[in-house]
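See structure below.
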Protein chains: 2
Amino acid sequence: MRRAARLFLSRSYRDVGVDELCAAAEVRKGSFYHFFAGKSDVAKAVIDLHTTALLDRLSRASGATAAERLHGLADAIGTIQTGFEERFGRVVGCPFGNLAAELATTDEDLRTHLANTFAQWEGEFATVCRQAAAEGALRRGVDPDRLARALLAQAQGQILLAKTATEPAAGIAAALHDLIDAHLEEGLAT
Amino acid sequence: MRRAARLFLSRSYRDVGVDELCAAAEVRKGSFYHFFAGKSDVAKAVIDLHTTALLDRLSRASGATAAERLHGLADAIGTIQTGFEERFGRVVGCPFGNLAAELATTDEDLRTHLANTFAQWEGEFATVCRQAAAEGALRRGVDPDRLARALLAQAQGQILLAKTATEPAAGIAAALHDLIDAHLEEGLAT
DNA sequence: CCCGTTCTTGACTGACCGGTCAACTACCCG
DNA sequence: CGGGTAGTTGACCGGTCAGTCAAGAACGGG
C-alpha cells in the first residue's frame with residue numbers, strides 16, 4: 001500500500017499501471033483483484049492512508065495560543081512536504097491535490113472521496129481559526145471559516161507552484177506563515 | 001485547437017486520446033501527425049492559447065489605483081472561471097493547474113512550459129503589487145513579490161478546491177478579494 | 001481426515017494507446 | 001504543362017492497458 005502511494009505520488013494515477021502496482025507489492029495480478037475491485041480502489045485506499053497520516057500530524061500541532069497552533073499547522077504541512085522532497089528528490093505535490101486535479105472531472109467516486117478529505121482538512125484549520133477568533137487574535141473583519149479555506153487553498157497552490165517550478169519545499173511553509181501573520185492582530189505576528 | 005483545449009479541460013490530458021483529438025478537429029490521424037510532432041505538442045499549443053488569453057485579460061485590468069487594479073486582476077480570474085463554469089456546467093479547474101498537477105513529474109518539457117506560464121502570470125501580479133507598494137497601499141511589512149505569489153497560489157488552490165467539491169465558481173474571486181483586502185492598508189479595503 | 005472457504009497463480013482477452021507509413025491528391029511556381 | 005512540395009488518407013503497427021478466469025494451493029474448523 002505504501003509502495004502504491006509512493007508510485008502515485010512520484011508520477012500520476014494514470015501513469016502507474018496495475019501491473020506495476022502488483023510488482024511493487026510483490027503480488028500477482030490475480031491476487032490483486034481478489035482484494036481490490038479495481039485500480040481506483042487502490043487510489044481510495046491510498047487517499048485514506050494519507051488522510052489519517054495528515055489528520056494525525058495536524059492534530060499534533062500544539063501551542064499555548066491559537067495563533068501558535070495556527071503556525072503549528074503550517075509547519076506540519078511544511079514538514080510533510082520537505083519529507084516528500086527528501087524521499088523523492090523534489091517537490092512531487094500533494095497526494096490529494098494531484099489526484100483531485102487529475103481525476104475530479106473523470107471519476108465521480110474518487111472526486112467525492114477527495115472532497116471529503118479536503119473538508120476534514122479544512123475543518124481542522126477552521127477549528128483553530130475559530131479558537132483564534134475567540135481569543136481575539138484575528139484582525140478585525142477576518143472570518144475564521146474563510147481564513148481556514150484560504151489557508152488550505154494557499155497550501156495547495158503553493159505546493160503546486162513549487163512542484164511545477166521544481167523549487168525547494170521550504171517556501172511552502174514560509175508562505176503559509178506569511179498568510180497567517182497577515183491575518184493576525186498587530187503585535188501577534190512573528 | 002479550441003476543441004482540443006475544451007477536451008483537455010473537461011477531462012484530463014491522459015484521458016483524451018489522439019483519435020479523439022482528431023475527431024474533434026475533423027482531421028484524419030495522418031494529417032494530425034503532419035502538423036504535430038506528437039500529442040504533447042498539442043498540449044503545448046493549448047497552453048500557449050490559454051496563456052495569451054490569460055495575459056490579455058490580465059492586462060485589461062484597469063483602475064485609478066494599484067489597489068483597484070489588484071481587484072481587477074482577481075475579477076479577471078473570476079470571470080475566466082465563471083466562463084468555464086457556464087460552458088462546462090461546473091468548475092473544471094485551471095488549464096495550467098490541471099496539466100501541471102498531472103504532468104509536472106512526468107513530462108519535463110511540458111513542466112518547463114507550464115512553469116514559464118506561471119512565471120509570466122506571477123509577473124503580471126508582481127507588477128501591480130509593486131505599484132501598490134509604491135503607492136503605499138500595502139500594509140507595513142508586506143513584500144509585494146511574495147504577495148504576488150500568494151495571490152497566484154490562492155487562485156490555484158481555490159480553483160482546485162471548487163473543482164473538487166463541485167462548488168460554484170463565484171467563491172474563487174471572492175476569496176481573492178479577501179486576500180487582497182487583507183494586505184491593503186486600513187481604509188483602502190473594499 | 002475431509003471439506004469448504006480463502007487465497008494464489010499465470011496465462012489470457014479485447015480494447016485502446018500513440019505513432020507510422022506508403023500511396024495518393026491538390027496546389028503553386030516556373 | 002510539368003514537377004516539386006504541402007497536405008491528406010486510412011490501413012496498420014507493436015505495446016500496454018485494466019480486468020478475467022479456470023485451476024489449484026493453503027488453511028481452518030468440525
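Letters A, B, ... mark the chains of the C-alpha cells in the order given; residue numbers begin at 1 per chain; ligand numbers begin at 1, in order shown.
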
Region 2-16 of chain C surroundings by only C-alpha atoms (C1' of nucleotides), 10 Å radius, close-in-sequence under 6 positions cut, as a PyMOL selection string: (chain A and resi 27-32+34-35) or (chain B and resi 17) or (chain D and resi 16-21+23-30)

Report chain B as a PDB file with C-alpha atoms, in the first residue's frame in the frame of chain A, after least-squares superposition over all C-alpha atoms paired in order.
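Contents of out.pdb, freshly written:
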ATOM      1  CA  MET B   1       0.033  -0.007  -0.004  1.00  0.00           C
ATOM      2  CA  ARG B   2       2.832   2.349   0.853  1.00  0.00           C
ATOM      3  CA  ARG B   3       4.561   1.316  -2.340  1.00  0.00           C
ATOM      4  CA  ALA B   4       1.432   2.186  -4.263  1.00  0.00           C
ATOM      5  CA  ALA B   5       1.257   5.564  -2.558  1.00  0.00           C
ATOM      6  CA  ARG B   6       4.847   6.182  -3.521  1.00  0.00           C
ATOM      7  CA  LEU B   7       4.216   5.341  -7.162  1.00  0.00           C
ATOM      8  CA  PHE B   8       1.137   7.541  -7.466  1.00  0.00           C
ATOM      9  CA  LEU B   9       2.941  10.387  -5.768  1.00  0.00           C
ATOM     10  CA  SER B  10       6.064  10.245  -7.874  1.00  0.00           C
ATOM     11  CA  ARG B  11       4.183  10.051 -11.155  1.00  0.00           C
ATOM     12  CA  SER B  12       0.407  10.129 -11.570  1.00  0.00           C
ATOM     13  CA  TYR B  13      -2.597   7.869 -11.226  1.00  0.00           C
ATOM     14  CA  ARG B  14      -2.939   7.135 -14.919  1.00  0.00           C
ATOM     15  CA  ASP B  15       0.766   6.702 -15.408  1.00  0.00           C
ATOM     16  CA  VAL B  16       0.985   3.846 -12.929  1.00  0.00           C
ATOM     17  CA  GLY B  17      -0.442   0.599 -14.203  1.00  0.00           C
ATOM     18  CA  VAL B  18      -1.967  -2.254 -12.232  1.00  0.00           C
ATOM     19  CA  ASP B  19       0.928  -4.472 -13.313  1.00  0.00           C
ATOM     20  CA  GLU B  20       3.354  -2.014 -11.808  1.00  0.00           C
ATOM     21  CA  LEU B  21       1.317  -1.805  -8.632  1.00  0.00           C
ATOM     22  CA  CYS B  22       1.426  -5.582  -8.359  1.00  0.00           C
ATOM     23  CA  ALA B  23       5.154  -5.736  -9.021  1.00  0.00           C
ATOM     24  CA  ALA B  24       5.822  -3.144  -6.311  1.00  0.00           C
ATOM     25  CA  ALA B  25       3.747  -5.127  -3.830  1.00  0.00           C
ATOM     26  CA  GLU B  26       5.258  -8.431  -4.983  1.00  0.00           C
ATOM     27  CA  VAL B  27       1.828  -9.787  -5.653  1.00  0.00           C
ATOM     28  CA  ARG B  28       0.467 -11.464  -8.759  1.00  0.00           C
ATOM     29  CA  LYS B  29      -2.343  -9.809 -10.631  1.00  0.00           C
ATOM     30  CA  GLY B  30      -4.972 -12.366  -9.720  1.00  0.00           C
ATOM     31  CA  SER B  31      -4.297 -11.866  -6.020  1.00  0.00           C
ATOM     32  CA  PHE B  32      -4.541  -8.142  -6.513  1.00  0.00           C
ATOM     33  CA  TYR B  33      -8.041  -8.455  -7.878  1.00  0.00           C
ATOM     34  CA  HIS B  34      -8.955 -10.737  -5.005  1.00  0.00           C
ATOM     35  CA  PHE B  35      -8.427  -7.860  -2.587  1.00  0.00           C
ATOM     36  CA  PHE B  36      -9.311  -4.857  -4.734  1.00  0.00           C
ATOM     37  CA  ALA B  37     -12.358  -4.364  -6.896  1.00  0.00           C
ATOM     38  CA  GLY B  38     -10.245  -2.339  -9.280  1.00  0.00           C
ATOM     39  CA  LYS B  39      -7.463   0.151  -9.681  1.00  0.00           C
ATOM     40  CA  SER B  40      -9.510   3.041  -8.329  1.00  0.00           C
ATOM     41  CA  ASP B  41      -9.974   1.120  -5.075  1.00  0.00           C
ATOM     42  CA  VAL B  42      -6.237   1.320  -4.567  1.00  0.00           C
ATOM     43  CA  ALA B  43      -6.406   5.066  -5.065  1.00  0.00           C
ATOM     44  CA  LYS B  44      -9.126   5.245  -2.441  1.00  0.00           C
ATOM     45  CA  ALA B  45      -7.047   3.241   0.003  1.00  0.00           C
ATOM     46  CA  VAL B  46      -4.034   5.433  -0.694  1.00  0.00           C
ATOM     47  CA  ILE B  47      -6.135   8.525  -0.069  1.00  0.00           C
ATOM     48  CA  ASP B  48      -7.303   7.071   3.240  1.00  0.00           C
ATOM     49  CA  LEU B  49      -3.722   6.275   4.201  1.00  0.00           C
ATOM     50  CA  HIS B  50      -2.596   9.824   3.519  1.00  0.00           C
ATOM     51  CA  THR B  51      -5.687  11.252   5.187  1.00  0.00           C
ATOM     52  CA  THR B  52      -5.111   9.551   8.517  1.00  0.00           C
ATOM     53  CA  ALA B  53      -1.434  10.499   8.383  1.00  0.00           C
ATOM     54  CA  LEU B  54      -2.309  14.108   7.671  1.00  0.00           C
ATOM     55  CA  LEU B  55      -5.023  14.447  10.291  1.00  0.00           C
ATOM     56  CA  ASP B  56      -2.742  12.795  12.817  1.00  0.00           C
ATOM     57  CA  ARG B  57       0.006  15.288  12.079  1.00  0.00           C
ATOM     58  CA  LEU B  58      -2.343  18.255  12.166  1.00  0.00           C
ATOM     59  CA  SER B  59      -3.827  17.196  15.491  1.00  0.00           C
ATOM     60  CA  ARG B  60      -0.325  17.145  16.933  1.00  0.00           C
ATOM     61  CA  ALA B  61       0.079  20.867  16.312  1.00  0.00           C
ATOM     62  CA  SER B  62       0.195  22.361  19.793  1.00  0.00           C
ATOM     63  CA  GLY B  63       0.779  25.738  21.328  1.00  0.00           C
ATOM     64  CA  ALA B  64      -0.404  27.916  24.182  1.00  0.00           C
ATOM     65  CA  THR B  65      -2.335  30.235  21.896  1.00  0.00           C
ATOM     66  CA  ALA B  66      -4.447  29.592  18.839  1.00  0.00           C
ATOM     67  CA  ALA B  67      -2.045  31.792  16.887  1.00  0.00           C
ATOM     68  CA  GLU B  68       0.796  29.451  17.772  1.00  0.00           C
ATOM     69  CA  ARG B  69      -1.304  26.448  16.859  1.00  0.00           C
ATOM     70  CA  LEU B  70      -2.051  28.043  13.503  1.00  0.00           C
ATOM     71  CA  HIS B  71       1.663  28.303  12.811  1.00  0.00           C
ATOM     72  CA  GLY B  72       1.985  24.738  14.006  1.00  0.00           C
ATOM     73  CA  LEU B  73      -0.442  23.626  11.297  1.00  0.00           C
ATOM     74  CA  ALA B  74       1.627  25.443   8.705  1.00  0.00           C
ATOM     75  CA  ASP B  75       4.738  23.704   9.985  1.00  0.00           C
ATOM     76  CA  ALA B  76       3.019  20.341   9.842  1.00  0.00           C
ATOM     77  CA  ILE B  77       2.306  20.810   6.148  1.00  0.00           C
ATOM     78  CA  GLY B  78       5.815  22.096   5.585  1.00  0.00           C
ATOM     79  CA  THR B  79       7.243  19.035   7.302  1.00  0.00           C
ATOM     80  CA  ILE B  80       5.186  16.681   5.170  1.00  0.00           C
ATOM     81  CA  GLN B  81       6.355  18.397   2.013  1.00  0.00           C
ATOM     82  CA  THR B  82      10.023  18.542   2.988  1.00  0.00           C
ATOM     83  CA  GLY B  83       9.676  14.863   3.846  1.00  0.00           C
ATOM     84  CA  PHE B  84       8.430  14.123   0.339  1.00  0.00           C
ATOM     85  CA  GLU B  85      11.187  16.316  -1.043  1.00  0.00           C
ATOM     86  CA  GLU B  86      13.819  14.255   0.749  1.00  0.00           C
ATOM     87  CA  ARG B  87      12.318  10.962  -0.319  1.00  0.00           C
ATOM     88  CA  PHE B  88      11.751  11.880  -3.955  1.00  0.00           C
ATOM     89  CA  GLY B  89      14.476  14.432  -4.501  1.00  0.00           C
ATOM     90  CA  ARG B  90      11.986  17.119  -5.428  1.00  0.00           C
ATOM     91  CA  VAL B  91       8.565  18.498  -4.592  1.00  0.00           C
ATOM     92  CA  VAL B  92       6.106  15.985  -6.017  1.00  0.00           C
ATOM     93  CA  GLY B  93       2.880  17.672  -4.996  1.00  0.00           C
ATOM     94  CA  CYS B  94       0.107  16.967  -2.540  1.00  0.00           C
ATOM     95  CA  PRO B  95      -1.280  13.422  -2.699  1.00  0.00           C
ATOM     96  CA  PHE B  96      -4.811  14.794  -2.628  1.00  0.00           C
ATOM     97  CA  GLY B  97      -4.219  17.775  -4.880  1.00  0.00           C
ATOM     98  CA  ASN B  98      -2.529  15.658  -7.530  1.00  0.00           C
ATOM     99  CA  LEU B  99      -5.331  13.128  -7.646  1.00  0.00           C
ATOM    100  CA  ALA B 100      -8.000  15.813  -7.461  1.00  0.00           C
ATOM    101  CA  ALA B 101      -6.610  17.732 -10.404  1.00  0.00           C
ATOM    102  CA  GLU B 102      -6.256  14.582 -12.458  1.00  0.00           C
ATOM    103  CA  LEU B 103      -9.473  12.773 -11.602  1.00  0.00           C
ATOM    104  CA  ALA B 104     -12.076  15.165 -10.195  1.00  0.00           C
ATOM    105  CA  THR B 105     -13.763  15.578 -13.581  1.00  0.00           C
ATOM    106  CA  THR B 106     -13.306  11.947 -14.575  1.00  0.00           C
ATOM    107  CA  ASP B 107     -14.066   9.726 -11.600  1.00  0.00           C
ATOM    108  CA  GLU B 108     -17.034  10.869  -9.553  1.00  0.00           C
ATOM    109  CA  ASP B 109     -16.378   8.350  -6.805  1.00  0.00           C
ATOM    110  CA  LEU B 110     -12.802   9.447  -6.225  1.00  0.00           C
ATOM    111  CA  ARG B 111     -13.875  13.064  -6.521  1.00  0.00           C
ATOM    112  CA  THR B 112     -16.260  12.781  -3.565  1.00  0.00           C
ATOM    113  CA  HIS B 113     -13.658  10.830  -1.646  1.00  0.00           C
ATOM    114  CA  LEU B 114     -11.125  13.605  -2.149  1.00  0.00           C
ATOM    115  CA  ALA B 115     -13.689  16.307  -1.409  1.00  0.00           C
ATOM    116  CA  ASN B 116     -14.292  14.545   1.885  1.00  0.00           C
ATOM    117  CA  THR B 117     -10.614  14.639   2.784  1.00  0.00           C
ATOM    118  CA  PHE B 118     -10.369  18.303   1.875  1.00  0.00           C
ATOM    119  CA  ALA B 119     -13.407  19.026   4.033  1.00  0.00           C
ATOM    120  CA  GLN B 120     -11.826  17.287   7.028  1.00  0.00           C
ATOM    121  CA  TRP B 121      -8.577  19.121   6.445  1.00  0.00           C
ATOM    122  CA  GLU B 122     -10.382  22.439   6.189  1.00  0.00           C
ATOM    123  CA  GLY B 123     -12.292  21.518   9.332  1.00  0.00           C
ATOM    124  CA  GLU B 124      -9.049  21.089  11.287  1.00  0.00           C
ATOM    125  CA  PHE B 125      -7.976  24.532  10.144  1.00  0.00           C
ATOM    126  CA  ALA B 126     -11.372  26.042  10.899  1.00  0.00           C
ATOM    127  CA  THR B 127     -11.336  24.764  14.470  1.00  0.00           C
ATOM    128  CA  VAL B 128      -8.087  26.537  15.212  1.00  0.00           C
ATOM    129  CA  CYS B 129      -9.128  29.643  13.287  1.00  0.00           C
ATOM    130  CA  ARG B 130     -12.291  29.871  15.354  1.00  0.00           C
ATOM    131  CA  GLN B 131     -10.264  29.490  18.519  1.00  0.00           C
ATOM    132  CA  ALA B 132      -8.056  32.319  17.335  1.00  0.00           C
ATOM    133  CA  ALA B 133     -11.142  34.417  16.674  1.00  0.00           C
ATOM    134  CA  ALA B 134     -12.452  33.634  20.160  1.00  0.00           C
ATOM    135  CA  GLU B 135      -9.121  34.669  21.628  1.00  0.00           C
ATOM    136  CA  GLY B 136      -9.305  37.918  19.704  1.00  0.00           C
ATOM    137  CA  ALA B 137      -6.119  37.079  17.843  1.00  0.00           C
ATOM    138  CA  LEU B 138      -7.625  37.651  14.404  1.00  0.00           C
ATOM    139  CA  ARG B 139      -7.707  41.016  12.741  1.00  0.00           C
ATOM    140  CA  ARG B 140     -10.964  42.871  12.691  1.00  0.00           C
ATOM    141  CA  GLY B 141     -13.229  41.633   9.900  1.00  0.00           C
ATOM    142  CA  VAL B 142     -11.457  38.334   9.365  1.00  0.00           C
ATOM    143  CA  ASP B 143     -13.908  35.451   9.098  1.00  0.00           C
ATOM    144  CA  PRO B 144     -12.332  32.339  10.626  1.00  0.00           C
ATOM    145  CA  ASP B 145     -14.029  29.900   8.257  1.00  0.00           C
ATOM    146  CA  ARG B 146     -12.978  31.828   5.191  1.00  0.00           C
ATOM    147  CA  LEU B 147      -9.472  32.045   6.603  1.00  0.00           C
ATOM    148  CA  ALA B 148      -9.413  28.281   7.058  1.00  0.00           C
ATOM    149  CA  ARG B 149     -10.264  27.772   3.424  1.00  0.00           C
ATOM    150  CA  ALA B 150      -7.767  30.409   2.335  1.00  0.00           C
ATOM    151  CA  LEU B 151      -5.060  28.550   4.246  1.00  0.00           C
ATOM    152  CA  LEU B 152      -5.958  25.248   2.622  1.00  0.00           C
ATOM    153  CA  ALA B 153      -6.079  26.857  -0.806  1.00  0.00           C
ATOM    154  CA  GLN B 154      -2.785  28.587  -0.191  1.00  0.00           C
ATOM    155  CA  ALA B 155      -1.170  25.311   0.773  1.00  0.00           C
ATOM    156  CA  GLN B 156      -2.485  23.582  -2.344  1.00  0.00           C
ATOM    157  CA  GLY B 157      -1.461  26.436  -4.599  1.00  0.00           C
ATOM    158  CA  GLN B 158       2.001  26.836  -3.155  1.00  0.00           C
ATOM    159  CA  ILE B 159       2.654  23.117  -3.382  1.00  0.00           C
ATOM    160  CA  LEU B 160       1.527  23.042  -6.992  1.00  0.00           C
ATOM    161  CA  LEU B 161       3.692  26.008  -7.925  1.00  0.00           C
ATOM    162  CA  ALA B 162       6.733  24.607  -6.133  1.00  0.00           C
ATOM    163  CA  LYS B 163       6.229  21.298  -7.901  1.00  0.00           C
ATOM    164  CA  THR B 164       5.840  22.907 -11.303  1.00  0.00           C
ATOM    165  CA  ALA B 165       8.857  25.183 -10.921  1.00  0.00           C
ATOM    166  CA  THR B 166      10.829  22.460  -9.089  1.00  0.00           C
ATOM    167  CA  GLU B 167      11.509  24.843  -6.241  1.00  0.00           C
ATOM    168  CA  PRO B 168      12.523  23.795  -2.731  1.00  0.00           C
ATOM    169  CA  ALA B 169       9.744  22.787  -0.363  1.00  0.00           C
ATOM    170  CA  ALA B 170      10.863  25.259   2.275  1.00  0.00           C
ATOM    171  CA  GLY B 171       8.971  28.079   0.591  1.00  0.00           C
ATOM    172  CA  ILE B 172       5.632  26.381   1.180  1.00  0.00           C
ATOM    173  CA  ALA B 173       5.626  26.692   4.971  1.00  0.00           C
ATOM    174  CA  ALA B 174       7.086  30.186   4.706  1.00  0.00           C
ATOM    175  CA  ALA B 175       4.193  31.316   2.529  1.00  0.00           C
ATOM    176  CA  LEU B 176       1.699  29.837   4.960  1.00  0.00           C
ATOM    177  CA  HIS B 177       3.344  31.628   7.891  1.00  0.00           C
ATOM    178  CA  ASP B 178       3.108  34.849   5.898  1.00  0.00           C
ATOM    179  CA  LEU B 179      -0.562  34.314   5.277  1.00  0.00           C
ATOM    180  CA  ILE B 180      -1.274  33.569   8.931  1.00  0.00           C
ATOM    181  CA  ASP B 181       0.650  36.612  10.122  1.00  0.00           C
ATOM    182  CA  ALA B 182      -1.249  38.793   7.667  1.00  0.00           C
ATOM    183  CA  HIS B 183      -4.477  37.842   9.419  1.00  0.00           C
ATOM    184  CA  LEU B 184      -3.253  38.092  12.978  1.00  0.00           C
ATOM    185  CA  GLU B 185      -3.780  41.142  15.135  1.00  0.00           C
ATOM    186  CA  GLU B 186      -0.792  43.519  15.154  1.00  0.00           C
ATOM    187  CA  GLY B 187       1.839  42.530  17.656  1.00  0.00           C
ATOM    188  CA  LEU B 188       0.960  38.845  17.455  1.00  0.00           C
ATOM    189  CA  ALA B 189       2.736  38.284  14.165  1.00  0.00           C
ATOM    190  CA  THR B 190       6.051  36.490  14.481  1.00  0.00           C
TER     191      THR B 190
END

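The coordinates place C1' of DC1 (chain D) at 23.5 Å from C1' of DA23 (chain C).
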